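Novice: Please read through the structure below; I'll follow up with questions.
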Amino acid sequence: MMSQETKQKCIRSMRVARELMSRGFLPMDVETSRKSKGYLVFVFRETPDLIETLDEIMGGQIK
């Protein structure tokens with residue numbers, strides 16, 4: 001049986017994470033950032049809806 005890996009999107013911006021949560025997206029986890037010491041990242045399940053909403057929040061900056 002093949003296991004399907006869940007894609008994740010890590011969000012460091014509290015503003016963006018709050019906006020996603022206000023639109024119904026719940027983080028899977030909150031972790032310490034591996035790239036930026038002293039920061040937390042909000043880990044969301046990456047879906048087409050999440051990417052579309054992120055693009056809207058970020059003003060078209062998501063490719």
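Chain lettering (A, B, ...) mirrors the order of the structure tokens, residue numbering begins at 1 for each chain separately, and ligand numbering begins at 1 in order of display.
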What lies within 8 Å of Leu26 in chain A using only C-alpha atoms, ignoring chain neighbours under 5 positions off, as a PyMOL selection string?

Specialist: chain A and resi 20-21+44

Novice: Enumerate the residues of chain A with a DSSP assignment of helix (DSSP H, G or I), computed from the backbone, and present them as a ChimeraX atom specification.

Specialist: /A:14-22,48-57

Novice: Kindly save the residues from that selection, with N, CA, C and O atoms included, as a PDB file, in the first residue's frame.

Specialist:
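The file below, again_15.pdb, is the result:
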```pdb
ATOM      1  N   MET A  14       2.814  36.296  11.141  1.00  0.00           N
ATOM      2  CA  MET A  14       1.643  36.197  12.021  1.00  0.00           C
ATOM      3  C   MET A  14       0.419  36.798  11.338  1.00  0.00           C
ATOM      4  O   MET A  14      -0.684  36.262  11.436  1.00  0.00           O
ATOM      5  N   ARG A  15       0.608  37.897  10.611  1.00  0.00           N
ATOM      6  CA  ARG A  15      -0.512  38.552   9.921  1.00  0.00           C
ATOM      7  C   ARG A  15      -1.133  37.615   8.895  1.00  0.00           C
ATOM      8  O   ARG A  15      -2.355  37.459   8.836  1.00  0.00           O
ATOM      9  N   VAL A  16      -0.301  36.975   8.099  1.00  0.00           N
ATOM     10  CA  VAL A  16      -0.800  36.065   7.069  1.00  0.00           C
ATOM     11  C   VAL A  16      -1.444  34.843   7.708  1.00  0.00           C
ATOM     12  O   VAL A  16      -2.527  34.408   7.295  1.00  0.00           O
ATOM     13  N   ALA A  17      -0.807  34.286   8.741  1.00  0.00           N
ATOM     14  CA  ALA A  17      -1.373  33.116   9.426  1.00  0.00           C
ATOM     15  C   ALA A  17      -2.739  33.452  10.030  1.00  0.00           C
ATOM     16  O   ALA A  17      -3.682  32.673   9.909  1.00  0.00           O
ATOM     17  N   ARG A  18      -2.856  34.615  10.649  1.00  0.00           N
ATOM     18  CA  ARG A  18      -4.151  35.026  11.226  1.00  0.00           C
ATOM     19  C   ARG A  18      -5.211  35.193  10.150  1.00  0.00           C
ATOM     20  O   ARG A  18      -6.363  34.817  10.335  1.00  0.00           O
ATOM     21  N   GLU A  19      -4.829  35.770   9.020  1.00  0.00           N
ATOM     22  CA  GLU A  19      -5.782  35.957   7.921  1.00  0.00           C
ATOM     23  C   GLU A  19      -6.252  34.606   7.389  1.00  0.00           C
ATOM     24  O   GLU A  19      -7.435  34.410   7.123  1.00  0.00           O
ATOM     25  N   LEU A  20      -5.314  33.665   7.234  1.00  0.00           N
ATOM     26  CA  LEU A  20      -5.694  32.321   6.787  1.00  0.00           C
ATOM     27  C   LEU A  20      -6.662  31.678   7.779  1.00  0.00           C
ATOM     28  O   LEU A  20      -7.666  31.088   7.392  1.00  0.00           O
ATOM     29  N   MET A  21      -6.365  31.813   9.074  1.00  0.00           N
ATOM     30  CA  MET A  21      -7.237  31.231  10.102  1.00  0.00           C
ATOM     31  C   MET A  21      -8.613  31.884  10.100  1.00  0.00           C
ATOM     32  O   MET A  21      -9.625  31.212  10.273  1.00  0.00           O
ATOM     33  N   SER A  22      -8.660  33.190   9.851  1.00  0.00           N
ATOM     34  CA  SER A  22      -9.954  33.877   9.812  1.00  0.00           C
ATOM     35  C   SER A  22     -10.797  33.427   8.624  1.00  0.00           C
ATOM     36  O   SER A  22     -12.012  33.573   8.623  1.00  0.00           O
ATOM     37  N   PRO A  48      -4.863  23.413  -3.118  1.00  0.00           N
ATOM     38  CA  PRO A  48      -5.092  24.471  -4.121  1.00  0.00           C
ATOM     39  C   PRO A  48      -5.850  25.673  -3.526  1.00  0.00           C
ATOM     40  O   PRO A  48      -5.536  26.824  -3.857  1.00  0.00           O
ATOM     41  N   ASP A  49      -6.810  25.414  -2.622  1.00  0.00           N
ATOM     42  CA  ASP A  49      -7.548  26.518  -1.987  1.00  0.00           C
ATOM     43  C   ASP A  49      -6.631  27.386  -1.137  1.00  0.00           C
ATOM     44  O   ASP A  49      -6.742  28.606  -1.125  1.00  0.00           O
ATOM     45  N   LEU A  50      -5.721  26.747  -0.397  1.00  0.00           N
ATOM     46  CA  LEU A  50      -4.784  27.500   0.432  1.00  0.00           C
ATOM     47  C   LEU A  50      -3.888  28.367  -0.439  1.00  0.00           C
ATOM     48  O   LEU A  50      -3.710  29.554  -0.156  1.00  0.00           O
ATOM     49  N   ILE A  51      -3.357  27.804  -1.512  1.00  0.00           N
ATOM     50  CA  ILE A  51      -2.467  28.560  -2.403  1.00  0.00           C
ATOM     51  C   ILE A  51      -3.212  29.731  -3.042  1.00  0.00           C
ATOM     52  O   ILE A  51      -2.688  30.847  -3.124  1.00  0.00           O
ATOM     53  N   GLU A  52      -4.447  29.505  -3.461  1.00  0.00           N
ATOM     54  CA  GLU A  52      -5.252  30.584  -4.052  1.00  0.00           C
ATOM     55  C   GLU A  52      -5.497  31.702  -3.035  1.00  0.00           C
ATOM     56  O   GLU A  52      -5.377  32.883  -3.358  1.00  0.00           O
ATOM     57  N   THR A  53      -5.821  31.329  -1.811  1.00  0.00           N
ATOM     58  CA  THR A  53      -6.076  32.313  -0.765  1.00  0.00           C
ATOM     59  C   THR A  53      -4.793  33.048  -0.397  1.00  0.00           C
ATOM     60  O   THR A  53      -4.807  34.273  -0.202  1.00  0.00           O
ATOM     61  N   LEU A  54      -3.684  32.340  -0.309  1.00  0.00           N
ATOM     62  CA  LEU A  54      -2.393  32.981  -0.032  1.00  0.00           C
ATOM     63  C   LEU A  54      -2.059  33.998  -1.114  1.00  0.00           C
ATOM     64  O   LEU A  54      -1.590  35.101  -0.810  1.00  0.00           O
ATOM     65  N   ASP A  55      -2.291  33.624  -2.358  1.00  0.00           N
ATOM     66  CA  ASP A  55      -2.032  34.527  -3.476  1.00  0.00           C
ATOM     67  C   ASP A  55      -2.874  35.800  -3.347  1.00  0.00           C
ATOM     68  O   ASP A  55      -2.391  36.902  -3.573  1.00  0.00           O
ATOM     69  N   GLU A  56      -4.111  35.626  -2.940  1.00  0.00           N
ATOM     70  CA  GLU A  56      -5.018  36.768  -2.740  1.00  0.00           C
ATOM     71  C   GLU A  56      -4.513  37.651  -1.598  1.00  0.00           C
ATOM     72  O   GLU A  56      -4.452  38.886  -1.723  1.00  0.00           O
ATOM     73  N   ILE A  57      -4.122  37.049  -0.488  1.00  0.00           N
ATOM     74  CA  ILE A  57      -3.629  37.794   0.679  1.00  0.00           C
ATOM     75  C   ILE A  57      -2.337  38.532   0.345  1.00  0.00           C
ATOM     76  O   ILE A  57      -2.152  39.683   0.741  1.00  0.00           O
TER      77      ILE A  57
END
```

Novice: Can you work out which one of A:Arg34, A:Ser13, A:Met28, A:Arg23 has the shortest atom-to-atom distance to Glu46 in chain A, counting only C-alpha atoms?

Specialist: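 Nearest candidate to Glu46 in chain A out of A:Arg34, A:Ser13, A:Met28, A:Arg23: A:Met28.
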
Novice: Please provide as a PyMOL selection string all residues within 12 Å of Thr32 in chain A, with the sequence filter that same-chain residues fewer than 5 positions apart are discarded (counting only C-alpha atoms).

Specialist: chain A and resi 10-12+37-43

Novice: Put those residues in a file: C-alpha atoms, as a PDB file, in the first residue's frame.

Specialist:
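In the end it all went to part-v3.pdb:
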```pdb
ATOM      1  CA  CYS A  10       5.060  27.012   6.394  1.00  0.00           C
ATOM      2  CA  ILE A  11       3.991  30.583   7.135  1.00  0.00           C
ATOM      3  CA  ARG A  12       6.229  32.784   9.285  1.00  0.00           C
ATOM      4  CA  LYS A  37      16.239  31.386  14.680  1.00  0.00           C
ATOM      5  CA  GLY A  38      13.849  32.901  17.185  1.00  0.00           C
ATOM      6  CA  TYR A  39      10.822  32.718  14.885  1.00  0.00           C
ATOM      7  CA  LEU A  40       7.844  30.408  14.786  1.00  0.00           C
ATOM      8  CA  VAL A  41       6.223  29.047  11.657  1.00  0.00           C
ATOM      9  CA  PHE A  42       2.593  28.044  11.242  1.00  0.00           C
ATOM     10  CA  VAL A  43       2.337  24.803   9.278  1.00  0.00           C
TER      11      VAL A  43
END
```
